[in-house]
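Single-structure report; data block below.
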Amino acid sequence: MAYATRTQLARLGIGAKFLAGVSDPDQDAALDAASRTADLYLRQRYATPLASWGDDLTRLVCHLAAWDLYSTRRSPGDVDDAIERRSDKALSVLKDIGAGKATLSLPVESESDSWSEAIGGAEAVSDEPRGW
């Protein structure tokens, strides 16, 4: 399961212009591979694959996938150090998360969602205020 979509890859990773020449299956394969790479580091602290995740993980996966796609398709004269630097930084952050030096942001249910779930979706009902 990928932690990012092709749309997110175009927005956060490498851009739609570059991806126009890359097939959907190749984009999906890069996102899956980047997600598996992320899991290698995350499993030191989290049960993987994650059931839910925040935008930070999506961005890291997009940076890894972008480098994978770019590095295998670039021409000999192409140089874009920014894509490689973002990928290196993404790996560094994932290592820090795995080592406990950084924390992955995970979506948190709002209190109202949690409370509603805890009481089985029932509504709280009360008598008239007693004036205490």
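Residues are referred to by chain and number: the chain letter is A, B, ... according to the order shown in the structure tokens, the number counts from 1 in that chain, and ligands are numbered separately from 1 in the order shown.
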Inset, instruction - Quick one: everything within 8 Å of Ala65 (chain A), counting only C-alpha atoms, minus sequence neighbours fewer than 3 positions away in the same chain. Send it as a VMD selection string. - result: chain A and resid 9 13 27 30 to 31 33 to 34 61 to 62 68 to 69
Export, as a compact mmCIF listing (two decimals), in the first residue's frame, the selected residues with all heavy atoms.
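Full text of part38.txt as output:
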# COMPACT_ATOMS: atom_id res chain seq x y z
N LEU A 9 2.21 12.89 -5.80
CA LEU A 9 3.56 12.82 -6.36
C LEU A 9 3.80 14.01 -7.29
O LEU A 9 4.85 14.65 -7.24
CB LEU A 9 3.77 11.51 -7.12
CG LEU A 9 5.09 11.33 -7.84
CD1 LEU A 9 6.27 11.37 -6.88
CD2 LEU A 9 5.09 10.01 -8.62
N GLY A 13 6.26 15.92 -5.25
CA GLY A 13 7.49 15.20 -5.56
C GLY A 13 8.28 15.74 -6.72
O GLY A 13 9.39 16.20 -6.57
N GLN A 27 4.66 5.09 -12.15
CA GLN A 27 4.49 5.99 -11.01
C GLN A 27 4.03 5.21 -9.79
O GLN A 27 4.54 5.40 -8.67
CB GLN A 27 3.48 7.08 -11.34
CG GLN A 27 3.97 8.08 -12.38
CD GLN A 27 2.93 9.12 -12.69
OE1 GLN A 27 2.34 9.72 -11.78
NE2 GLN A 27 2.68 9.35 -13.97
N ALA A 30 6.89 3.23 -8.32
CA ALA A 30 7.81 4.08 -7.56
C ALA A 30 7.23 4.46 -6.21
O ALA A 30 7.94 4.46 -5.19
CB ALA A 30 8.16 5.33 -8.37
N LEU A 31 5.94 4.76 -6.17
CA LEU A 31 5.29 5.10 -4.90
C LEU A 31 5.23 3.89 -3.97
O LEU A 31 5.45 4.02 -2.75
CB LEU A 31 3.88 5.65 -5.15
CG LEU A 31 3.83 7.03 -5.78
CD1 LEU A 31 2.43 7.35 -6.30
CD2 LEU A 31 4.30 8.09 -4.79
N ALA A 33 7.38 1.34 -3.98
CA ALA A 33 8.75 1.09 -3.54
C ALA A 33 9.17 2.10 -2.47
O ALA A 33 9.80 1.73 -1.47
CB ALA A 33 9.71 1.14 -4.73
N ALA A 34 8.81 3.35 -2.66
CA ALA A 34 9.15 4.38 -1.68
C ALA A 34 8.43 4.13 -0.36
O ALA A 34 8.99 4.32 0.72
CB ALA A 34 8.80 5.76 -2.23
N VAL A 61 7.55 10.18 1.21
CA VAL A 61 7.41 9.14 0.19
C VAL A 61 7.46 9.74 -1.22
O VAL A 61 8.09 9.18 -2.12
CB VAL A 61 6.11 8.33 0.42
CG1 VAL A 61 5.74 7.49 -0.78
CG2 VAL A 61 6.26 7.46 1.67
N CYS A 62 6.84 10.89 -1.41
CA CYS A 62 6.88 11.54 -2.72
C CYS A 62 8.31 11.92 -3.09
O CYS A 62 8.71 11.79 -4.25
CB CYS A 62 5.99 12.78 -2.73
SG CYS A 62 4.23 12.38 -2.80
N ASP A 68 13.58 8.24 -7.44
CA ASP A 68 13.58 6.95 -8.14
C ASP A 68 13.22 7.15 -9.61
O ASP A 68 13.92 6.66 -10.50
CB ASP A 68 12.60 5.99 -7.45
CG ASP A 68 12.55 4.62 -8.09
OD1 ASP A 68 13.57 4.18 -8.66
OD2 ASP A 68 11.49 3.98 -8.02
N LEU A 69 12.16 7.88 -9.87
CA LEU A 69 11.72 8.10 -11.24
C LEU A 69 12.71 8.97 -12.01
O LEU A 69 13.05 8.68 -13.16
CB LEU A 69 10.33 8.75 -11.26
CG LEU A 69 9.20 7.85 -10.78
CD1 LEU A 69 7.93 8.67 -10.59
CD2 LEU A 69 8.98 6.70 -11.76
Inset, instruction - Find the residues near Arg43 (chain A): any atom within 10 Å, counting only C-alpha atoms, skip ones fewer than 6 places away on the same chain, and give them as a PyMOL selection string. - result: chain A and resi 49-50+97-98
Selected residues, N, CA and C atoms, written as a PDB file, in the first residue's frame, please.
ATOM      1  N   PRO A  49       2.209  -2.113   7.542  1.00  0.00           N
ATOM      2  CA  PRO A  49       1.981  -0.770   7.021  1.00  0.00           C
ATOM      3  C   PRO A  49       1.015  -0.003   7.911  1.00  0.00           C
ATOM      4  N   LEU A  50       1.183   1.295   7.931  1.00  0.00           N
ATOM      5  CA  LEU A  50       0.336   2.150   8.755  1.00  0.00           C
ATOM      6  C   LEU A  50      -1.088   2.174   8.208  1.00  0.00           C
ATOM      7  N   ILE A  97      13.226   9.046  12.581  1.00  0.00           N
ATOM      8  CA  ILE A  97      11.961   8.547  13.127  1.00  0.00           C
ATOM      9  C   ILE A  97      12.163   7.140  13.671  1.00  0.00           C
ATOM     10  N   GLY A  98      12.827   6.292  12.895  1.00  0.00           N
ATOM     11  CA  GLY A  98      13.087   4.929  13.340  1.00  0.00           C
ATOM     12  C   GLY A  98      13.932   4.874  14.594  1.00  0.00           C
TER      13      GLY A  98
END
Legend entry - Polymer residues at most 12 Å from Tyr70 (chain A), only C-alpha atoms, same-chain spacing of 6 or more positions, as a list in words: Gly13, Ile14, Gly15, Phe18, Leu19, Gly21, Val22, Asp26, Gln27, Ala30, Cys62, His63, Leu64, Pro76, Asp78, Val79, Asp80, Asp81, Ala82, Ile83, Glu84 and Ser87 of chain A
Just the selected residues (N, CA and C atoms), exported as a short mmCIF file (atom, residue, chain, number, x, y, z; two decimals), in the first residue's frame, please.
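selection.cif was written with the following content:
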data_model
loop_
_atom_site.label_atom_id
_atom_site.label_comp_id
_atom_site.auth_asym_id
_atom_site.auth_seq_id
_atom_site.Cartn_x
_atom_site.Cartn_y
_atom_site.Cartn_z
N GLY A 13 6.26 15.92 -5.25
CA GLY A 13 7.49 15.20 -5.56
C GLY A 13 8.28 15.74 -6.72
N ILE A 14 7.70 15.70 -7.91
CA ILE A 14 8.52 16.01 -9.08
C ILE A 14 7.81 16.89 -10.10
N GLY A 15 6.54 16.99 -10.06
CA GLY A 15 5.82 17.87 -10.98
C GLY A 15 5.18 17.14 -12.14
N PHE A 18 7.16 16.63 -15.65
CA PHE A 18 8.04 15.47 -15.75
C PHE A 18 7.23 14.18 -15.84
N LEU A 19 6.20 14.09 -15.04
CA LEU A 19 5.42 12.85 -14.97
C LEU A 19 4.60 12.58 -16.22
N GLY A 21 5.55 12.08 -19.07
CA GLY A 21 6.21 11.05 -19.85
C GLY A 21 6.40 9.74 -19.12
N VAL A 22 5.81 9.62 -17.93
CA VAL A 22 5.97 8.42 -17.11
C VAL A 22 4.62 7.73 -16.98
N ASP A 26 4.31 2.85 -13.80
CA ASP A 26 5.65 3.19 -13.31
C ASP A 26 5.59 4.13 -12.11
N GLN A 27 4.66 5.09 -12.15
CA GLN A 27 4.49 5.99 -11.01
C GLN A 27 4.03 5.21 -9.79
N ALA A 30 6.89 3.23 -8.32
CA ALA A 30 7.81 4.08 -7.56
C ALA A 30 7.23 4.46 -6.21
N CYS A 62 6.84 10.89 -1.41
CA CYS A 62 6.88 11.54 -2.72
C CYS A 62 8.31 11.92 -3.09
N HIS A 63 9.09 12.39 -2.13
CA HIS A 63 10.48 12.75 -2.42
C HIS A 63 11.31 11.53 -2.79
N LEU A 64 11.08 10.42 -2.12
CA LEU A 64 11.79 9.18 -2.47
C LEU A 64 11.39 8.68 -3.86
N PRO A 76 21.85 12.00 -19.79
CA PRO A 76 23.19 12.19 -19.24
C PRO A 76 23.51 13.63 -18.85
N ASP A 78 21.30 15.90 -17.81
CA ASP A 78 20.35 16.43 -16.82
C ASP A 78 20.98 16.45 -15.43
N VAL A 79 20.81 17.57 -14.78
CA VAL A 79 21.28 17.67 -13.41
C VAL A 79 20.21 18.41 -12.61
N ASP A 80 19.68 17.76 -11.61
CA ASP A 80 18.75 18.41 -10.70
C ASP A 80 19.09 17.93 -9.30
N ASP A 81 20.02 18.63 -8.69
CA ASP A 81 20.48 18.24 -7.35
C ASP A 81 19.38 18.36 -6.30
N ALA A 82 18.40 19.22 -6.54
CA ALA A 82 17.34 19.42 -5.55
C ALA A 82 16.55 18.13 -5.34
N ILE A 83 16.28 17.40 -6.39
CA ILE A 83 15.52 16.16 -6.27
C ILE A 83 16.31 15.14 -5.45
N GLU A 84 17.59 15.05 -5.72
CA GLU A 84 18.43 14.12 -4.96
C GLU A 84 18.57 14.56 -3.50
N SER A 87 15.45 13.70 -1.59
CA SER A 87 15.40 12.26 -1.32
C SER A 87 16.34 11.89 -0.18
#
Legend entry - Who sits within 10 Å of Val93 (chain A), only C-alpha atoms, same chain under 5 positions skipped, as a list in words: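 The neighbour list is Ala38, Tyr41, Leu57, Leu60, Ser87, Asp88, Gly98, Ala99, Lys101, Ala102, Thr103 and Leu104 of chain A.
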Inset, instruction - Would you please work out which residue, of A:Leu94, A:Met1, A:Ala10, A:Leu106, is nearest to Leu40 (chain A) when using only C-alpha atoms? - result: A:Leu94
In region 8-106 of chain A, DSSP helix (DSSP H, G or I) residues written as a short mmCIF file (atom, residue, chain, number, x, y, z; two decimals) with N, CA, C and O atoms, in the first residue's frame:
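Output file part-v3.cif follows:
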data_model
loop_
_atom_site.label_atom_id
_atom_site.label_comp_id
_atom_site.auth_asym_id
_atom_site.auth_seq_id
_atom_site.Cartn_x
_atom_site.Cartn_y
_atom_site.Cartn_z
N GLN A 8 -0.51 13.37 -5.58
CA GLN A 8 0.39 13.93 -4.57
C GLN A 8 1.84 13.92 -5.06
O GLN A 8 2.60 14.85 -4.77
N LEU A 9 2.21 12.89 -5.80
CA LEU A 9 3.56 12.82 -6.36
C LEU A 9 3.80 14.01 -7.29
O LEU A 9 4.85 14.65 -7.24
N ALA A 10 2.81 14.34 -8.11
CA ALA A 10 2.95 15.47 -9.03
C ALA A 10 3.02 16.79 -8.27
O ALA A 10 3.76 17.70 -8.66
N ARG A 11 2.29 16.90 -7.18
CA ARG A 11 2.26 18.14 -6.41
C ARG A 11 3.45 18.29 -5.48
O ARG A 11 4.04 19.35 -5.36
N LEU A 12 3.86 17.20 -4.83
CA LEU A 12 4.89 17.28 -3.80
C LEU A 12 6.25 16.73 -4.21
O LEU A 12 7.25 17.03 -3.56
N GLY A 13 6.26 15.92 -5.25
CA GLY A 13 7.49 15.20 -5.56
C GLY A 13 8.28 15.74 -6.72
O GLY A 13 9.39 16.20 -6.57
N ALA A 16 4.03 17.62 -12.52
CA ALA A 16 3.24 17.00 -13.58
C ALA A 16 3.96 17.02 -14.92
O ALA A 16 3.80 16.11 -15.73
N LYS A 17 4.76 18.06 -15.19
CA LYS A 17 5.45 18.17 -16.47
C LYS A 17 6.38 16.97 -16.67
O LYS A 17 6.39 16.35 -17.73
N PHE A 18 7.16 16.63 -15.65
CA PHE A 18 8.04 15.47 -15.75
C PHE A 18 7.23 14.18 -15.84
O PHE A 18 7.54 13.29 -16.61
N LEU A 19 6.20 14.09 -15.04
CA LEU A 19 5.42 12.85 -14.97
C LEU A 19 4.60 12.58 -16.22
O LEU A 19 4.14 11.46 -16.42
N ASP A 24 1.44 5.51 -15.70
CA ASP A 24 0.80 5.35 -14.39
C ASP A 24 1.36 4.13 -13.64
O ASP A 24 1.65 4.24 -12.44
N PRO A 25 1.52 2.97 -14.30
CA PRO A 25 2.09 1.83 -13.58
C PRO A 25 3.51 2.10 -13.04
O PRO A 25 3.85 1.65 -11.94
N ASP A 26 4.31 2.85 -13.80
CA ASP A 26 5.65 3.19 -13.31
C ASP A 26 5.59 4.13 -12.11
O ASP A 26 6.36 3.99 -11.16
N GLN A 27 4.66 5.09 -12.15
CA GLN A 27 4.49 5.99 -11.01
C GLN A 27 4.03 5.21 -9.79
O GLN A 27 4.54 5.40 -8.67
N ASP A 28 3.05 4.31 -10.00
CA ASP A 28 2.55 3.50 -8.88
C ASP A 28 3.67 2.62 -8.30
O ASP A 28 3.78 2.48 -7.08
N ALA A 29 4.50 2.05 -9.17
CA ALA A 29 5.60 1.19 -8.71
C ALA A 29 6.60 2.00 -7.89
O ALA A 29 7.09 1.53 -6.85
N ALA A 30 6.89 3.23 -8.32
CA ALA A 30 7.81 4.08 -7.56
C ALA A 30 7.23 4.46 -6.21
O ALA A 30 7.94 4.46 -5.19
N LEU A 31 5.94 4.76 -6.17
CA LEU A 31 5.29 5.10 -4.90
C LEU A 31 5.23 3.89 -3.97
O LEU A 31 5.45 4.02 -2.75
N ASP A 32 4.96 2.71 -4.51
CA ASP A 32 4.96 1.49 -3.70
C ASP A 32 6.36 1.21 -3.14
O ASP A 32 6.50 0.88 -1.96
N ALA A 33 7.38 1.34 -3.98
CA ALA A 33 8.75 1.09 -3.54
C ALA A 33 9.17 2.10 -2.47
O ALA A 33 9.80 1.73 -1.47
N ALA A 34 8.81 3.35 -2.66
CA ALA A 34 9.15 4.38 -1.68
C ALA A 34 8.43 4.13 -0.36
O ALA A 34 8.99 4.32 0.72
N SER A 35 7.19 3.66 -0.43
CA SER A 35 6.43 3.34 0.78
C SER A 35 7.05 2.15 1.52
O SER A 35 7.13 2.14 2.75
N ARG A 36 7.51 1.15 0.77
CA ARG A 36 8.18 0.01 1.40
C ARG A 36 9.50 0.44 2.05
O ARG A 36 9.85 -0.03 3.12
N THR A 37 10.20 1.36 1.39
CA THR A 37 11.43 1.89 1.98
C THR A 37 11.11 2.61 3.28
O THR A 37 11.81 2.44 4.28
N ALA A 38 10.07 3.41 3.28
CA ALA A 38 9.66 4.11 4.51
C ALA A 38 9.35 3.10 5.61
O ALA A 38 9.76 3.27 6.76
N ASP A 39 8.65 2.02 5.26
CA ASP A 39 8.31 1.00 6.24
C ASP A 39 9.54 0.36 6.88
O ASP A 39 9.52 -0.04 8.04
N LEU A 40 10.63 0.25 6.12
CA LEU A 40 11.87 -0.32 6.67
C LEU A 40 12.32 0.45 7.91
O LEU A 40 12.81 -0.15 8.88
N TYR A 41 12.16 1.75 7.89
CA TYR A 41 12.57 2.59 9.01
C TYR A 41 11.46 2.72 10.05
O TYR A 41 11.72 2.70 11.26
N LEU A 42 10.22 2.85 9.58
CA LEU A 42 9.10 3.07 10.50
C LEU A 42 8.81 1.86 11.37
O LEU A 42 8.38 2.00 12.51
N ASP A 55 0.47 14.15 6.56
CA ASP A 55 1.05 14.72 5.36
C ASP A 55 2.57 14.62 5.33
O ASP A 55 3.17 14.58 4.26
N ASP A 56 3.19 14.57 6.52
CA ASP A 56 4.65 14.49 6.54
C ASP A 56 5.15 13.20 5.89
O ASP A 56 6.09 13.23 5.10
N LEU A 57 4.51 12.08 6.17
CA LEU A 57 4.93 10.83 5.55
C LEU A 57 4.64 10.84 4.05
O LEU A 57 5.46 10.37 3.25
N THR A 58 3.53 11.39 3.66
CA THR A 58 3.20 11.49 2.24
C THR A 58 4.29 12.27 1.50
O THR A 58 4.76 11.85 0.44
N ARG A 59 4.71 13.37 2.07
CA ARG A 59 5.76 14.19 1.45
C ARG A 59 7.07 13.42 1.36
O ARG A 59 7.74 13.43 0.32
N LEU A 60 7.46 12.72 2.42
CA LEU A 60 8.70 11.95 2.40
C LEU A 60 8.67 10.88 1.31
O LEU A 60 9.64 10.70 0.58
N VAL A 61 7.55 10.18 1.21
CA VAL A 61 7.41 9.14 0.19
C VAL A 61 7.46 9.74 -1.22
O VAL A 61 8.09 9.18 -2.12
N CYS A 62 6.84 10.89 -1.41
CA CYS A 62 6.88 11.54 -2.72
C CYS A 62 8.31 11.92 -3.09
O CYS A 62 8.71 11.79 -4.25
N HIS A 63 9.09 12.39 -2.13
CA HIS A 63 10.48 12.75 -2.42
C HIS A 63 11.31 11.53 -2.79
O HIS A 63 12.14 11.59 -3.70
N LEU A 64 11.08 10.42 -2.12
CA LEU A 64 11.79 9.18 -2.47
C LEU A 64 11.39 8.68 -3.86
O LEU A 64 12.24 8.30 -4.67
N ALA A 65 10.10 8.68 -4.13
CA ALA A 65 9.60 8.21 -5.43
C ALA A 65 10.07 9.13 -6.56
O ALA A 65 10.42 8.65 -7.65
N ALA A 66 10.11 10.43 -6.31
CA ALA A 66 10.55 11.37 -7.34
C ALA A 66 12.00 11.08 -7.73
O ALA A 66 12.33 11.07 -8.92
N TRP A 67 12.84 10.83 -6.75
CA TRP A 67 14.24 10.53 -7.06
C TRP A 67 14.35 9.21 -7.82
O TRP A 67 15.11 9.11 -8.79
N ASP A 68 13.58 8.24 -7.44
CA ASP A 68 13.58 6.95 -8.14
C ASP A 68 13.22 7.15 -9.61
O ASP A 68 13.92 6.66 -10.50
N LEU A 69 12.16 7.88 -9.87
CA LEU A 69 11.72 8.10 -11.24
C LEU A 69 12.71 8.97 -12.01
O LEU A 69 13.05 8.68 -13.16
N TYR A 70 13.17 10.03 -11.39
CA TYR A 70 14.09 10.95 -12.06
C TYR A 70 15.43 10.28 -12.36
O TYR A 70 15.96 10.41 -13.47
N SER A 71 15.97 9.57 -11.39
CA SER A 71 17.31 9.00 -11.58
C SER A 71 17.34 7.91 -12.64
O SER A 71 18.38 7.68 -13.25
N THR A 72 16.22 7.25 -12.88
CA THR A 72 16.20 6.19 -13.89
C THR A 72 15.81 6.69 -15.27
O THR A 72 15.94 5.97 -16.24
N ARG A 73 15.35 7.95 -15.37
CA ARG A 73 14.86 8.46 -16.66
C ARG A 73 15.60 9.70 -17.15
O ARG A 73 15.33 10.18 -18.24
N ASP A 81 20.02 18.63 -8.69
CA ASP A 81 20.48 18.24 -7.35
C ASP A 81 19.38 18.36 -6.30
O ASP A 81 19.42 17.67 -5.29
N ALA A 82 18.40 19.22 -6.54
CA ALA A 82 17.34 19.42 -5.55
C ALA A 82 16.55 18.13 -5.34
O ALA A 82 16.19 17.80 -4.20
N ILE A 83 16.28 17.40 -6.39
CA ILE A 83 15.52 16.16 -6.27
C ILE A 83 16.31 15.14 -5.45
O ILE A 83 15.76 14.49 -4.56
N GLU A 84 17.59 15.05 -5.72
CA GLU A 84 18.43 14.12 -4.96
C GLU A 84 18.57 14.56 -3.50
O GLU A 84 18.49 13.74 -2.60
N ARG A 85 18.74 15.85 -3.27
CA ARG A 85 18.86 16.35 -1.89
C ARG A 85 17.58 16.09 -1.09
O ARG A 85 17.63 15.71 0.08
N ARG A 86 16.42 16.30 -1.73
CA ARG A 86 15.15 16.04 -1.03
C ARG A 86 15.02 14.56 -0.69
O ARG A 86 14.55 14.20 0.39
N SER A 87 15.45 13.70 -1.59
CA SER A 87 15.40 12.26 -1.32
C SER A 87 16.34 11.89 -0.18
O SER A 87 15.96 11.12 0.72
N ASP A 88 17.54 12.44 -0.20
CA ASP A 88 18.50 12.18 0.88
C ASP A 88 17.95 12.67 2.22
O ASP A 88 18.09 11.99 3.25
N LYS A 89 17.33 13.83 2.22
CA LYS A 89 16.74 14.39 3.44
C LYS A 89 15.58 13.52 3.91
O LYS A 89 15.43 13.28 5.11
N ALA A 90 14.79 13.03 2.99
CA ALA A 90 13.67 12.16 3.35
C ALA A 90 14.18 10.89 4.04
O ALA A 90 13.64 10.48 5.07
N LEU A 91 15.23 10.31 3.49
CA LEU A 91 15.82 9.11 4.13
C LEU A 91 16.37 9.44 5.51
O LEU A 91 16.22 8.66 6.45
N SER A 92 16.99 10.60 5.63
CA SER A 92 17.52 11.02 6.92
C SER A 92 16.42 11.17 7.96
O SER A 92 16.55 10.73 9.11
N VAL A 93 15.32 11.78 7.56
CA VAL A 93 14.18 11.95 8.48
C VAL A 93 13.60 10.60 8.86
O VAL A 93 13.30 10.35 10.04
N LEU A 94 13.47 9.71 7.91
CA LEU A 94 12.94 8.37 8.21
C LEU A 94 13.86 7.63 9.17
O LEU A 94 13.39 6.94 10.09
N LYS A 95 15.16 7.77 9.00
CA LYS A 95 16.12 7.16 9.94
C LYS A 95 15.94 7.74 11.33
O LYS A 95 15.97 7.01 12.32
N ASP A 96 15.77 9.07 11.41
CA ASP A 96 15.55 9.71 12.71
C ASP A 96 14.27 9.24 13.36
O ASP A 96 14.22 9.03 14.58
N ILE A 97 13.23 9.05 12.58
CA ILE A 97 11.96 8.55 13.13
C ILE A 97 12.16 7.14 13.67
O ILE A 97 11.75 6.83 14.79
N GLY A 98 12.83 6.29 12.89
CA GLY A 98 13.09 4.93 13.34
C GLY A 98 13.93 4.87 14.59
O GLY A 98 13.74 4.01 15.46
#
